[in-house]
>>> print(open('run04.cif').read())   # mmCIF, C-alpha atoms, pLDDT in the B column; chains and numbers go by the auth columns
data_upload
loop_
_atom_site.group_PDB
_atom_site.id
_atom_site.type_symbol
_atom_site.label_atom_id
_atom_site.label_comp_id
_atom_site.label_asym_id
_atom_site.label_seq_id
_atom_site.Cartn_x
_atom_site.Cartn_y
_atom_site.Cartn_z
_atom_site.B_iso_or_equiv
_atom_site.auth_seq_id
_atom_site.auth_asym_id
ATOM 1 C CA MET A 1 -9.675 -0.356 12.612 94.00 1 A
ATOM 2 C CA LEU A 2 -7.588 2.635 11.531 96.00 2 A
ATOM 3 C CA ILE A 3 -7.545 5.961 13.385 97.00 3 A
ATOM 4 C CA LEU A 4 -5.833 9.204 12.380 98.00 4 A
ATOM 5 C CA LEU A 5 -4.883 11.490 15.286 98.00 5 A
ATOM 6 C CA ASN A 6 -3.408 14.979 15.246 98.00 6 A
ATOM 7 C CA LYS A 7 -1.037 14.554 18.181 98.00 7 A
ATOM 8 C CA PRO A 8 -0.513 17.830 20.021 97.00 8 A
ATOM 9 C CA TYR A 9 2.875 19.099 21.189 97.00 9 A
ATOM 10 C CA ASP A 10 4.110 17.665 24.540 95.00 10 A
ATOM 11 C CA VAL A 11 2.065 14.453 24.289 96.00 11 A
ATOM 12 C CA LEU A 12 3.846 11.100 24.631 96.00 12 A
ATOM 13 C CA CYS A 13 3.188 8.754 21.696 94.00 13 A
ATOM 14 C CA GLN A 14 2.031 5.898 23.938 94.00 14 A
ATOM 15 C CA PHE A 15 -1.092 4.853 25.809 94.00 15 A
ATOM 16 C CA SER A 16 0.512 3.965 29.141 91.00 16 A
ATOM 17 C CA ARG A 17 0.702 6.733 31.718 88.00 17 A
ATOM 18 C CA GLU A 18 4.177 8.060 32.544 80.00 18 A
ATOM 19 C CA GLY A 19 4.263 10.598 35.355 85.00 19 A
ATOM 20 C CA GLY A 20 1.999 13.572 34.762 88.00 20 A
ATOM 21 C CA ARG A 21 2.536 13.747 30.996 92.00 21 A
ATOM 22 C CA ALA A 22 -0.320 13.634 28.517 95.00 22 A
ATOM 23 C CA VAL A 23 -0.548 10.401 26.492 96.00 23 A
ATOM 24 C CA LEU A 24 -2.565 9.170 23.503 97.00 24 A
ATOM 25 C CA ALA A 25 -5.280 7.774 25.805 96.00 25 A
ATOM 26 C CA ASP A 26 -6.102 11.358 26.814 96.00 26 A
ATOM 27 C CA PHE A 27 -7.289 11.977 23.238 97.00 27 A
ATOM 28 C CA VAL A 28 -8.347 8.600 21.804 97.00 28 A
ATOM 29 C CA PRO A 29 -10.744 6.631 24.056 94.00 29 A
ATOM 30 C CA VAL A 30 -10.612 3.553 21.793 95.00 30 A
ATOM 31 C CA LYS A 31 -9.223 0.358 23.339 93.00 31 A
ATOM 32 C CA GLY A 32 -6.947 -2.060 21.507 94.00 32 A
ATOM 33 C CA VAL A 33 -5.328 0.325 19.031 96.00 33 A
ATOM 34 C CA TYR A 34 -1.617 1.093 18.920 93.00 34 A
ATOM 35 C CA PRO A 35 0.524 3.684 17.134 94.00 35 A
ATOM 36 C CA ALA A 36 2.082 2.579 13.839 90.00 36 A
ATOM 37 C CA GLY A 37 5.376 4.411 14.313 86.00 37 A
ATOM 38 C CA ARG A 38 6.360 7.051 16.820 87.00 38 A
ATOM 39 C CA LEU A 39 6.266 10.810 16.968 93.00 39 A
ATOM 40 C CA ASP A 40 8.470 12.530 19.549 94.00 40 A
ATOM 41 C CA ARG A 41 6.942 14.399 22.469 95.00 41 A
ATOM 42 C CA ASP A 42 8.124 17.721 21.046 95.00 42 A
ATOM 43 C CA SER A 43 6.737 16.991 17.558 97.00 43 A
ATOM 44 C CA GLU A 44 3.144 17.456 16.432 97.00 44 A
ATOM 45 C CA GLY A 45 0.918 15.988 13.806 98.00 45 A
ATOM 46 C CA LEU A 46 -0.310 12.786 12.261 98.00 46 A
ATOM 47 C CA VAL A 47 -0.159 9.538 14.215 97.00 47 A
ATOM 48 C CA VAL A 48 -1.769 6.485 12.632 96.00 48 A
ATOM 49 C CA LEU A 49 -3.312 4.074 15.150 96.00 49 A
ATOM 50 C CA THR A 50 -4.535 0.580 14.330 95.00 50 A
ATOM 51 C CA ASP A 51 -5.609 -2.693 15.907 95.00 51 A
ATOM 52 C CA ASP A 52 -4.117 -4.639 12.960 93.00 52 A
ATOM 53 C CA GLY A 53 -0.624 -5.861 13.865 88.00 53 A
ATOM 54 C CA LYS A 54 0.362 -6.615 10.256 89.00 54 A
ATOM 55 C CA LEU A 55 -0.730 -3.163 9.103 87.00 55 A
ATOM 56 C CA GLN A 56 1.053 -1.564 12.065 87.00 56 A
ATOM 57 C CA ALA A 57 4.307 -3.337 11.094 84.00 57 A
ATOM 58 C CA ARG A 58 3.893 -2.405 7.413 84.00 58 A
ATOM 59 C CA ILE A 59 3.397 1.281 8.229 83.00 59 A
ATOM 60 C CA ALA A 60 6.287 1.446 10.678 79.00 60 A
ATOM 61 C CA ASP A 61 8.820 -0.723 8.791 76.00 61 A
ATOM 62 C CA PRO A 62 11.180 1.296 6.536 70.00 62 A
ATOM 63 C CA ARG A 63 11.504 -1.691 4.143 74.00 63 A
ATOM 64 C CA HIS A 64 8.015 -0.868 2.859 73.00 64 A
ATOM 65 C CA LYS A 65 9.149 2.672 1.965 71.00 65 A
ATOM 66 C CA LEU A 66 5.888 4.279 3.063 84.00 66 A
ATOM 67 C CA GLU A 67 6.473 8.004 2.584 92.00 67 A
ATOM 68 C CA LYS A 68 6.050 10.398 5.477 95.00 68 A
ATOM 69 C CA THR A 69 5.885 14.154 4.900 97.00 69 A
ATOM 70 C CA TYR A 70 6.893 16.677 7.540 98.00 70 A
ATOM 71 C CA LEU A 71 6.716 20.445 7.765 98.00 71 A
ATOM 72 C CA ALA A 72 9.668 21.846 9.673 98.00 72 A
ATOM 73 C CA GLN A 73 9.983 25.411 10.854 97.00 73 A
ATOM 74 C CA VAL A 74 13.718 26.023 10.931 97.00 74 A
ATOM 75 C CA GLU A 75 16.025 28.713 12.198 95.00 75 A
ATOM 76 C CA GLY A 76 17.815 30.448 9.337 95.00 76 A
ATOM 77 C CA VAL A 77 17.248 31.180 5.673 95.00 77 A
ATOM 78 C CA VAL A 78 16.284 28.083 3.678 97.00 78 A
ATOM 79 C CA GLY A 79 18.650 28.126 0.708 97.00 79 A
ATOM 80 C CA GLU A 80 18.964 25.893 -2.331 98.00 80 A
ATOM 81 C CA ALA A 81 22.320 24.474 -1.152 97.00 81 A
ATOM 82 C CA ALA A 82 20.784 23.131 2.087 98.00 82 A
ATOM 83 C CA LEU A 83 17.775 21.735 0.206 98.00 83 A
ATOM 84 C CA GLU A 84 20.043 19.987 -2.305 98.00 84 A
ATOM 85 C CA ARG A 85 22.008 18.355 0.530 97.00 85 A
ATOM 86 C CA LEU A 86 18.739 17.078 2.018 98.00 86 A
ATOM 87 C CA ARG A 87 17.656 15.771 -1.400 98.00 87 A
ATOM 88 C CA LYS A 88 20.904 13.815 -1.789 97.00 88 A
ATOM 89 C CA GLY A 89 20.899 12.511 1.796 96.00 89 A
ATOM 90 C CA VAL A 90 23.071 13.732 4.626 97.00 90 A
ATOM 91 C CA GLU A 91 25.592 12.026 6.871 96.00 91 A
ATOM 92 C CA LEU A 92 24.343 11.557 10.435 96.00 92 A
ATOM 93 C CA ASN A 93 26.174 9.981 13.365 95.00 93 A
ATOM 94 C CA ASP A 94 24.366 6.677 12.658 95.00 94 A
ATOM 95 C CA GLY A 95 25.158 6.713 8.929 95.00 95 A
ATOM 96 C CA PRO A 96 23.921 8.399 5.768 96.00 96 A
ATOM 97 C CA THR A 97 20.242 9.065 5.235 95.00 97 A
ATOM 98 C CA LEU A 98 18.389 8.081 2.107 93.00 98 A
ATOM 99 C CA PRO A 99 17.685 10.901 -0.340 95.00 99 A
ATOM 100 C CA ALA A 100 14.638 12.929 0.714 96.00 100 A
ATOM 101 C CA GLY A 101 12.126 15.148 -0.994 97.00 101 A
ATOM 102 C CA ALA A 102 12.897 18.675 0.193 98.00 102 A
ATOM 103 C CA ARG A 103 11.533 22.064 -0.756 98.00 103 A
ATOM 104 C CA ALA A 104 11.111 25.458 0.821 98.00 104 A
ATOM 105 C CA VAL A 105 7.478 26.332 1.575 98.00 105 A
ATOM 106 C CA GLU A 106 5.559 29.188 3.133 97.00 106 A
ATOM 107 C CA GLU A 107 4.080 28.839 6.609 95.00 107 A
ATOM 108 C CA PRO A 108 0.895 26.797 6.095 95.00 108 A
ATOM 109 C CA PRO A 109 -2.269 28.938 6.243 94.00 109 A
ATOM 110 C CA TRP A 110 -4.055 26.223 8.262 93.00 110 A
ATOM 111 C CA LEU A 111 -1.370 26.124 10.967 95.00 111 A
ATOM 112 C CA TRP A 112 -2.591 26.251 14.561 95.00 112 A
ATOM 113 C CA PRO A 113 -0.730 28.155 17.291 93.00 113 A
ATOM 114 C CA ARG A 114 1.584 26.009 19.366 92.00 114 A
ATOM 115 C CA THR A 115 1.406 26.006 23.143 87.00 115 A
ATOM 116 C CA PRO A 116 3.941 26.948 24.313 88.00 116 A
ATOM 117 C CA PRO A 117 5.015 29.056 21.330 88.00 117 A
ATOM 118 C CA ILE A 118 8.408 28.449 19.746 88.00 118 A
ATOM 119 C CA ARG A 119 11.237 30.737 20.808 83.00 119 A
ATOM 120 C CA VAL A 120 11.588 33.680 18.479 80.00 120 A
ATOM 121 C CA ARG A 121 14.855 35.535 17.987 82.00 121 A
ATOM 122 C CA LYS A 122 14.306 38.878 16.286 83.00 122 A
ATOM 123 C CA THR A 123 17.827 38.885 14.818 86.00 123 A
ATOM 124 C CA VAL A 124 17.588 35.394 13.278 87.00 124 A
ATOM 125 C CA PRO A 125 15.193 34.690 10.398 92.00 125 A
ATOM 126 C CA ASP A 126 13.241 31.466 10.140 95.00 126 A
ATOM 127 C CA GLY A 127 11.704 29.503 7.293 96.00 127 A
ATOM 128 C CA TRP A 128 9.764 26.347 6.484 98.00 128 A
ATOM 129 C CA ILE A 129 10.819 23.139 4.765 98.00 129 A
ATOM 130 C CA GLU A 130 8.592 20.333 3.497 98.00 130 A
ATOM 131 C CA LEU A 131 10.557 17.107 3.866 98.00 131 A
ATOM 132 C CA THR A 132 9.431 13.697 2.600 97.00 132 A
ATOM 133 C CA LEU A 133 11.230 10.613 3.925 94.00 133 A
ATOM 134 C CA ARG A 134 11.073 6.886 3.286 89.00 134 A
ATOM 135 C CA GLU A 135 12.842 5.945 6.511 87.00 135 A
ATOM 136 C CA GLY A 136 12.181 6.793 10.127 82.00 136 A
ATOM 137 C CA ARG A 137 15.182 7.004 12.404 87.00 137 A
ATOM 138 C CA ASN A 138 15.064 8.521 15.852 88.00 138 A
ATOM 139 C CA ARG A 139 14.655 12.325 15.565 93.00 139 A
ATOM 140 C CA GLN A 140 15.737 12.058 11.930 95.00 140 A
ATOM 141 C CA VAL A 141 14.131 15.217 10.530 96.00 141 A
ATOM 142 C CA ARG A 142 15.548 17.337 13.339 97.00 142 A
ATOM 143 C CA ARG A 143 19.009 15.822 12.884 97.00 143 A
ATOM 144 C CA MET A 144 18.901 16.238 9.093 98.00 144 A
ATOM 145 C CA CYS A 145 17.913 19.894 9.365 98.00 145 A
ATOM 146 C CA ALA A 146 20.658 20.533 11.921 97.00 146 A
ATOM 147 C CA ALA A 147 23.214 18.784 9.666 97.00 147 A
ATOM 148 C CA VAL A 148 22.547 21.354 6.923 98.00 148 A
ATOM 149 C CA GLY A 149 22.722 24.301 9.341 97.00 149 A
ATOM 150 C CA LEU A 150 18.974 24.808 9.854 97.00 150 A
ATOM 151 C CA PRO A 151 18.023 23.865 13.441 96.00 151 A
ATOM 152 C CA CYS A 152 14.410 22.748 13.727 97.00 152 A
ATOM 153 C CA LEU A 153 12.125 24.977 15.816 96.00 153 A
ATOM 154 C CA ARG A 154 8.844 23.196 15.162 97.00 154 A
ATOM 155 C CA LEU A 155 8.052 19.875 13.504 98.00 155 A
ATOM 156 C CA ILE A 156 4.685 18.701 12.193 98.00 156 A
ATOM 157 C CA ARG A 157 4.054 15.373 10.470 98.00 157 A
ATOM 158 C CA TRP A 158 1.512 16.126 7.744 97.00 158 A
ATOM 159 C CA ARG A 159 1.250 12.819 5.885 97.00 159 A
ATOM 160 C CA VAL A 160 1.849 9.074 6.299 95.00 160 A
ATOM 161 C CA GLY A 161 1.345 7.214 3.019 93.00 161 A
ATOM 162 C CA ASP A 162 -2.030 8.355 1.669 94.00 162 A
ATOM 163 C CA TRP A 163 -3.325 9.617 5.030 96.00 163 A
ATOM 164 C CA THR A 164 -3.059 13.304 5.970 97.00 164 A
ATOM 165 C CA LEU A 165 -3.902 15.660 8.812 96.00 165 A
ATOM 166 C CA GLU A 166 -6.404 17.518 6.671 96.00 166 A
ATOM 167 C CA GLY A 167 -9.385 18.673 8.732 95.00 167 A
ATOM 168 C CA LEU A 168 -7.970 17.583 12.114 97.00 168 A
ATOM 169 C CA ALA A 169 -7.234 20.147 14.807 97.00 169 A
ATOM 170 C CA PRO A 170 -4.693 19.251 17.523 97.00 170 A
ATOM 171 C CA GLY A 171 -6.108 16.482 19.713 97.00 171 A
ATOM 172 C CA GLU A 172 -8.822 15.526 17.197 98.00 172 A
ATOM 173 C CA TRP A 173 -9.068 12.103 15.573 98.00 173 A
ATOM 174 C CA ARG A 174 -11.162 10.286 13.019 98.00 174 A
ATOM 175 C CA GLN A 175 -11.558 6.782 11.748 96.00 175 A
ATOM 176 C CA ALA A 176 -10.071 6.272 8.290 92.00 176 A
#
>>> encode(input="run04.cif", output="structure tokens")
Amino acid sequence: MLILLNKPYDVLCQFSREGGRAVLADFVPVKGVYPAGRLDRDSEGLVVLTDDGKLQARIADPRHKLEKTYLAQVEGVVGEAALERLRKGVELNDGPTLPAGARAVEEPPWLWPRTPPIRVRKTVPDGWIELTLREGRNRQVRRMCAAVGLPCLRLIRWRVGDWTLEGLAPGEWRQA
């Protein structure tokens, strides 16, 4: 079984209850499936769930180079120099990243409002970056954006391999 979930903001990417926080079980009432990879509580978007342990390992393991595409709303003007640094890979405190696909994009027309909304500073512009990675370190997209001077305000995973969020509102899921 394979399930695609649009994980809302402030939801823990686990089924077990932890305090009063929302968890995957609040959205997916299917037993015996587990997330193939993680998505931070403060990130939104596609989480792939499966009951197939081998598939789960293949999706989550960076050795298989399964691409993941993210849309990041960042603070600052997205310039070519920052994008080129992302494309070449940046140095993080746990070592250099692999080269990434990076391009400036417009705010997606299908984007839902986030609750709570991001902080907006009238004197600081913001922009959007589409970033495609073949590795998945802890908070990697946020750290990469910060390393090139573009702190991440909002992060949405759009795609994992061939699966996308298309047609899923926050909290909705479908079998793939």
>>> closest_residue(input="run04.cif", among="A:Val47, A:Leu131, A:Trp163, A:Leu39", to="Asn6 of chain A", atoms="all atoms listed in the file")
A:Val47
>>> axis_aligned_box(input="run04.cif", around="segment 150-169 of chain A", padding_each_side="5 Å", output="AutoDock Vina command-line options")
--center_x 4.8 --center_y 16.1 --center_z 8.7 --size_x 38.4 --size_y 27.8 --size_z 24.1
>>> closest_residue(input="run04.cif", among="A:Gly101, A:Pro125, A:Pro35, A:Pro8", to="Ile59 of chain A", atoms="only C-alpha atoms")
A:Pro35
>>> resolve_selection(input="run04.cif", expression="the PyMOL selection byres ((chain A and resi 21) around 9)", output="PyMOL selection string")
chain A and resi 10-12+17-20+22-23
>>> closest_residue(input="run04.cif", among="A:Ala81, A:Leu4, A:Cys145, A:Ala169", to="Leu46 of chain A", atoms="only C-alpha atoms")
A:Leu4
>>> resolve_selection(input="run04.cif", expression="the PyMOL selection byres ((chain A and resi 152) around 9)", output="list in words")
Ala72, Gln73, Val74, Glu75, Val141, Arg142, Arg143, Cys145, Ala146, Leu150, Pro151, Leu153, Arg154 and Leu155 of chain A
>>> closest_residue(input="run04.cif", among="A:Glu172, A:Leu55, A:Gly167, A:Ile156", to="Arg114 of chain A", atoms="all atoms listed in the file")
A:Ile156
>>> atom_distance(input="run04.cif", atom1="atom CA of Asp26 of chain A", atom2="atom CA of Lys54 of chain A")
25.3 Å
>>> closest_residue(input="run04.cif", among="A:Arg58, A:His64, A:Arg119, A:Arg103", to="Gly37 of chain A", atoms="only C-alpha atoms")
A:Arg58
>>> closest_residue(input="run04.cif", among="A:Pro116, A:Gly149, A:Pro109, A:Pro62", to="Leu83 of chain A", atoms="all atoms listed in the file")
A:Gly149
>>> resolve_selection(input="run04.cif", expression="the PyMOL selection byres ((chain A and resi 49) around 7)", output="CSV table (one decimal) with C-alpha atoms, in the frame of the given file")
chain,number,residue,atom,x,y,z
A,2,LEU,CA,-7.6,2.6,11.5
A,3,ILE,CA,-7.5,6.0,13.4
A,4,LEU,CA,-5.8,9.2,12.4
A,33,VAL,CA,-5.3,0.3,19.0
A,34,TYR,CA,-1.6,1.1,18.9
A,35,PRO,CA,0.5,3.7,17.1
A,36,ALA,CA,2.1,2.6,13.8
A,47,VAL,CA,-0.2,9.5,14.2
A,48,VAL,CA,-1.8,6.5,12.6
A,50,THR,CA,-4.5,0.6,14.3
